[in-house]
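**Q** Have a look at this one before I ask anything.
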Amino acid sequence: MGSIRNYVSAASEWCQAMGCPDPRKIEPWVYDRFKREAPKHLEVFKGTQAKLSMTHDMFMSLFRTLDLTDIDDLQDAVTYSALFFTAIRRGHVIPEGKRAADCKHLLRWEHIQFLPNFKNCQQVVFCLESGKVRNIAKKDPTFTATGRCNIAKLCPVQLMRLWYMRTFSGDSRQYVFARQCGGFPPLNGPWLKRMRFRLTESASLFGLNKTEFDVSNWSGISFRKGALSALAEHLQPHQLAAAADHASIETSYRYYLERTVAQRASNTSLIASGFHHKANAPLFGARMINGPTAD
């Protein structure tokens with residue numbers, strides 16, 4: 001029973017990634033039965049859906065209508081860019097509310113470094129005092145960083161510099177994504193609503209009808225999932241876990257990465273490579289040369 005939660009999550013996420021409806025809505029009686037017989041294993045899914053990862057195309061579409069001279073658009077742009085290019089958790093950037101617990105991990109300007117200097121910045125460092133999985137009592141610091149992107153409007157370095165020049169008041173304790181000293185970053189509710197509206201408006205770019213585009217499939221975690229999925233193609237597992245600030249490799253691969261059918265199918269070639277050294281040897285005799293024969 002303990003595997004039901006992971007199975008339902010994987011099945012529903014895969015179906016939606018392939019453009020199909022949420023299977024829990026197609027045959028709700030199946031899901032209702034799971035909820036009755038194994039409620040403890042499915043409580044995480046009550047009223048929610050597995051969120052999909054942000055693709056590069058979708059990310060670019062968010063910026064199509066953004067005017068970086070407008071403070072509202074610039075604020076959204078810099079949050080999107082920071083989340084996507086650092087893979088940090090949404091709670092470091094966009095809080096749920098204004099309670100102490102919501103603000104605990106929010107980035108302040110004292111956590112940001114421009115290297116080698118602000119004028120000729122090539123990298124922006126984000127110093128994170130404590131992560132979700134770390135022992136906070138030890139105050140074990142970690143960090144991530146962004147470099148320049150060759151698409152100017154999306155570049156996290158240029159956006160951070162622009163945001164700094166527009167909003168920094170001189171107080172290093174100011175929240176990074178707030179507009180002024182004593183201000184507060186956008187709360188998750190309105191921020192998410194705007195992000196989903198922009199995705200809906202650009203849905204046609206992906207060949208989707210706006211009325212069929214379910215924006216509830218994307219949230220703040222979609223940026224993190226998209227970034228880690230992209231990184232997984234280039235990093236070793238332990239490097240990926242470090243980039244994600246995860247306590248284990250298993251966490252990174254189980255909960256945050258999406259693999260398409262084509263990517264999973266490509267594993268066949270990797271597995272089959274083990275046969276190469278025997279390629280010249282007869283395979284199950286001559287019977288298989290022209291396909292299997294009936295006995």
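Labels used: A, B, ... for chains in the order of the structure tokens, numbers from 1 for residues in each chain, and numbers from 1 for ligands as shown.
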Tell me, counting only C-alpha atoms, for each residue of region 86-193 of chain A within 9 Å of region 223-236 of chain A, which pair of atoms is nearest and how far apart they are in Å to one decimal, in rows ordered by chain and increasing number, as JSON lines.

**A**
{"residue": "A:Thr86", "atom": "CA", "partner": "A:Ala227", "partner_atom": "CA", "distance": 7.5}
{"residue": "A:Ala87", "atom": "CA", "partner": "A:Arg224", "partner_atom": "CA", "distance": 4.5}
{"residue": "A:Ile88", "atom": "CA", "partner": "A:Arg224", "partner_atom": "CA", "distance": 6.5}
{"residue": "A:Arg89", "atom": "CA", "partner": "A:Arg224", "partner_atom": "CA", "distance": 6.8}
{"residue": "A:Arg90", "atom": "CA", "partner": "A:Arg224", "partner_atom": "CA", "distance": 8.0}

**Q** Given the selection you just returned, output its residues as a file containing N, CA and C atoms, formatted as a PDB file, in the first residue's frame.

**A**
ATOM      1  N   THR A  86      18.131  29.116 -11.130  1.00  0.00           N
ATOM      2  CA  THR A  86      18.825  28.658  -9.918  1.00  0.00           C
ATOM      3  C   THR A  86      18.246  27.365  -9.388  1.00  0.00           C
ATOM      4  N   ALA A  87      16.997  27.052  -9.740  1.00  0.00           N
ATOM      5  CA  ALA A  87      16.289  25.876  -9.224  1.00  0.00           C
ATOM      6  C   ALA A  87      16.067  25.952  -7.719  1.00  0.00           C
ATOM      7  N   ILE A  88      16.131  27.171  -7.148  1.00  0.00           N
ATOM      8  CA  ILE A  88      15.865  27.293  -5.721  1.00  0.00           C
ATOM      9  C   ILE A  88      14.371  27.145  -5.461  1.00  0.00           C
ATOM     10  N   ARG A  89      14.020  26.903  -4.233  1.00  0.00           N
ATOM     11  CA  ARG A  89      12.628  26.705  -3.873  1.00  0.00           C
ATOM     12  C   ARG A  89      11.855  28.023  -3.952  1.00  0.00           C
ATOM     13  N   ARG A  90      10.593  27.902  -4.313  1.00  0.00           N
ATOM     14  CA  ARG A  90       9.741  29.082  -4.456  1.00  0.00           C
ATOM     15  C   ARG A  90       9.695  29.901  -3.173  1.00  0.00           C
TER      16      ARG A  90
END

**Q** Could you name the residues that touch region 164-166 of chain A at 10 Å or less, counting only C-alpha atoms, but leaving out those on the same chain fewer than 5 positions away, as a ChimeraX atom specification?

**A** /A:69,71,74,109,118,158-159,176-177,179-180

**Q** Would you mind exporting C-alpha atoms of the selected residues as a PDB file, in the first residue's frame?

**A**
ATOM      1  CA  THR A  69      10.346  49.090 -18.231  1.00  0.00           C
ATOM      2  CA  ILE A  71       7.828  47.704 -12.612  1.00  0.00           C
ATOM      3  CA  LEU A  74       9.956  43.493 -14.255  1.00  0.00           C
ATOM      4  CA  TRP A 109      20.072  41.709  -0.508  1.00  0.00           C
ATOM      5  CA  PHE A 118      28.343  45.014 -10.122  1.00  0.00           C
ATOM      6  CA  GLN A 158      20.966  41.294 -16.424  1.00  0.00           C
ATOM      7  CA  LEU A 159      17.556  41.035 -14.786  1.00  0.00           C
ATOM      8  CA  VAL A 176      15.401  41.008  -2.722  1.00  0.00           C
ATOM      9  CA  PHE A 177      12.111  40.785  -4.572  1.00  0.00           C
ATOM     10  CA  ARG A 179      10.152  47.046  -4.468  1.00  0.00           C
ATOM     11  CA  GLN A 180      11.361  49.201  -1.596  1.00  0.00           C
TER      12      GLN A 180
END

**Q** How many Å separate CA of Ile221 (chain A) from CA of Trp29 (chain A)?

**A**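 Between CA of Ile221 (chain A) and CA of Trp29 (chain A) the gap works out to 28.7 Å.
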
**Q** CA of Asp245 (chain A) and CA of Gln113 (chain A), how far apart in Å?

**A**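 These two atoms are separated by 19.1 Å.
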
**Q** Could you check how far CA of Ser12 (chain A) sits from CA of Thr251 (chain A), in Å to one decimal?

**A** 19.0 Å

**Q** Write out as a PyMOL selection string the residues lying within 12 Å of region 202-219 of chain A, counting only C-alpha atoms and excluding same-chain residues fewer than 5 positions away.

**A** chain A and resi 12-17+19-22+47-65+80+83+89-90+94+188-197+224-226

**Q** Based on the selection just made, write C-alpha atoms of those residues as an mmCIF file, in the first residue's frame.

**A**
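Ended up saving to result.cif:
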data_model
loop_
_atom_site.group_PDB
_atom_site.id
_atom_site.type_symbol
_atom_site.label_atom_id
_atom_site.label_comp_id
_atom_site.auth_asym_id
_atom_site.auth_seq_id
_atom_site.Cartn_x
_atom_site.Cartn_y
_atom_site.Cartn_z
ATOM 1 C CA SER A 12 -1.341 11.204 -13.427
ATOM 2 C CA GLU A 13 1.733 13.328 -14.147
ATOM 3 C CA TRP A 14 2.761 11.215 -17.150
ATOM 4 C CA CYS A 15 -0.733 11.330 -18.653
ATOM 5 C CA GLN A 16 -0.899 15.103 -18.340
ATOM 6 C CA ALA A 17 2.613 15.515 -19.724
ATOM 7 C CA GLY A 19 -1.481 15.987 -23.263
ATOM 8 C CA CYS A 20 -4.105 13.623 -21.842
ATOM 9 C CA PRO A 21 -6.599 14.479 -19.082
ATOM 10 C CA ASP A 22 -5.897 13.669 -15.461
ATOM 11 C CA GLY A 47 -7.752 18.532 -4.152
ATOM 12 C CA THR A 48 -4.385 18.824 -5.876
ATOM 13 C CA GLN A 49 -2.668 17.646 -9.024
ATOM 14 C CA ALA A 50 0.916 16.721 -9.740
ATOM 15 C CA LYS A 51 2.513 19.857 -11.181
ATOM 16 C CA LEU A 52 4.329 19.675 -14.484
ATOM 17 C CA SER A 53 7.767 21.067 -15.166
ATOM 18 C CA MET A 54 8.299 24.346 -17.006
ATOM 19 C CA THR A 55 9.767 23.747 -20.449
ATOM 20 C CA HIS A 56 12.125 26.144 -22.187
ATOM 21 C CA ASP A 57 9.446 27.052 -24.727
ATOM 22 C CA MET A 58 6.881 27.766 -22.053
ATOM 23 C CA PHE A 59 9.390 29.795 -20.079
ATOM 24 C CA MET A 60 10.147 31.939 -23.113
ATOM 25 C CA SER A 61 6.444 32.453 -23.740
ATOM 26 C CA LEU A 62 6.069 34.015 -20.295
ATOM 27 C CA PHE A 63 8.413 36.776 -21.409
ATOM 28 C CA ARG A 64 6.811 37.505 -24.765
ATOM 29 C CA THR A 65 4.452 40.184 -23.471
ATOM 30 C CA TYR A 80 10.640 33.763 -13.027
ATOM 31 C CA LEU A 83 13.505 30.407 -9.985
ATOM 32 C CA ARG A 89 12.628 26.705 -3.873
ATOM 33 C CA ARG A 90 9.741 29.082 -4.456
ATOM 34 C CA ILE A 94 7.691 34.183 -3.300
ATOM 35 C CA ASN A 188 2.057 33.420 -3.925
ATOM 36 C CA GLY A 189 -1.678 33.776 -4.620
ATOM 37 C CA PRO A 190 -1.666 36.830 -6.921
ATOM 38 C CA TRP A 191 1.784 35.990 -8.322
ATOM 39 C CA LEU A 192 0.603 32.531 -9.372
ATOM 40 C CA LYS A 193 -2.611 33.905 -10.846
ATOM 41 C CA ARG A 194 -0.652 36.282 -13.095
ATOM 42 C CA MET A 195 1.776 33.565 -14.144
ATOM 43 C CA ARG A 196 -1.037 31.212 -15.100
ATOM 44 C CA PHE A 197 -2.826 33.977 -17.004
ATOM 45 C CA ARG A 224 12.290 24.088 -10.115
ATOM 46 C CA LYS A 225 11.209 20.859 -11.777
ATOM 47 C CA GLY A 226 11.992 22.257 -15.210
#

**Q** Between A:Phe168, A:Phe114, A:Tyr256, A:Tyr175, which one has atoms that come closest to Ala145 (chain A), using only C-alpha atoms?

**A**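 Result for the nearest residue to Ala145 (chain A): A:Phe114.
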
**Q** From a DSSP calculation on the backbone, collect every residue of region 40-190 of chain A in strand (DSSP E or B) and output the set as a count of residues only.

**A** 18

**Q** Using only C-alpha atoms, can you tell me which of A:Ala262, A:Ala77, A:Met18, A:Ala241 comes closest to Arg198 (chain A)?

**A**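 Once distances to Arg198 (chain A) are computed over only C-alpha atoms, the minimum belongs to A:Ala77.
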
**Q** I want to know what sits within 10 Å of Gln122 (chain A), based on only C-alpha atoms, with residues of the same chain fewer than 2 positions away left out; could you give that as a PyMOL selection string?

**A** chain A and resi 114-120+124+146-149+157-158

**Q** Where does DSSP see alpha helix (DSSP H) in region 37-269 of chain A, if you list the residues as JSON, numbers by chain?

**A** {"A": [37, 39, 40, 41, 42, 56, 57, 58, 59, 60, 61, 62, 71, 72, 73, 74, 75, 76, 77, 78, 79, 80, 81, 82, 83, 84, 85, 86, 100, 101, 102, 103, 156, 157, 158, 159, 160, 161, 162, 163, 164, 165, 166, 167, 188, 189, 190, 191, 192, 193, 194, 195, 196, 197, 198, 199, 200, 201, 220, 221, 222, 223, 224, 225, 226, 227, 228, 229, 230, 231, 237, 238, 239, 240, 241, 242, 243, 244, 249, 250, 251, 252, 253, 254, 255, 261, 262, 263, 264, 265, 267, 268, 269]}

**Q** Find the residues around Glu110 (chain A) up to 12 Å (only C-alpha atoms counted), leave out those fewer than 5 positions away in its own chain, and share them as a list in words.

**A**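 Contacts, with the query itself left out: Val125, Phe126, Cys127, Leu128, Glu129, Phe168, Gly170, Asp171, Ser172, Arg173, Gln174, Tyr175 and Val176 of chain A.
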
**Q** So that I have them on file, write out the residues from the current selection with C-alpha atoms, as an mmCIF file, in the first residue's frame.

**A**
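Dumped to result-v9.cif:
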data_model
loop_
_atom_site.group_PDB
_atom_site.id
_atom_site.type_symbol
_atom_site.label_atom_id
_atom_site.label_comp_id
_atom_site.auth_asym_id
_atom_site.auth_seq_id
_atom_site.Cartn_x
_atom_site.Cartn_y
_atom_site.Cartn_z
ATOM 1 C CA VAL A 125 25.546 34.337 -6.157
ATOM 2 C CA PHE A 126 22.555 33.458 -3.982
ATOM 3 C CA CYS A 127 23.620 32.591 -0.430
ATOM 4 C CA LEU A 128 21.005 30.475 1.314
ATOM 5 C CA GLU A 129 21.271 30.410 5.091
ATOM 6 C CA PHE A 168 17.521 48.697 -3.866
ATOM 7 C CA GLY A 170 20.647 50.840 0.493
ATOM 8 C CA ASP A 171 19.359 48.571 3.270
ATOM 9 C CA SER A 172 20.966 45.125 2.954
ATOM 10 C CA ARG A 173 18.093 43.609 4.991
ATOM 11 C CA GLN A 174 15.577 44.562 2.327
ATOM 12 C CA TYR A 175 13.904 41.553 0.731
ATOM 13 C CA VAL A 176 15.401 41.008 -2.722
#
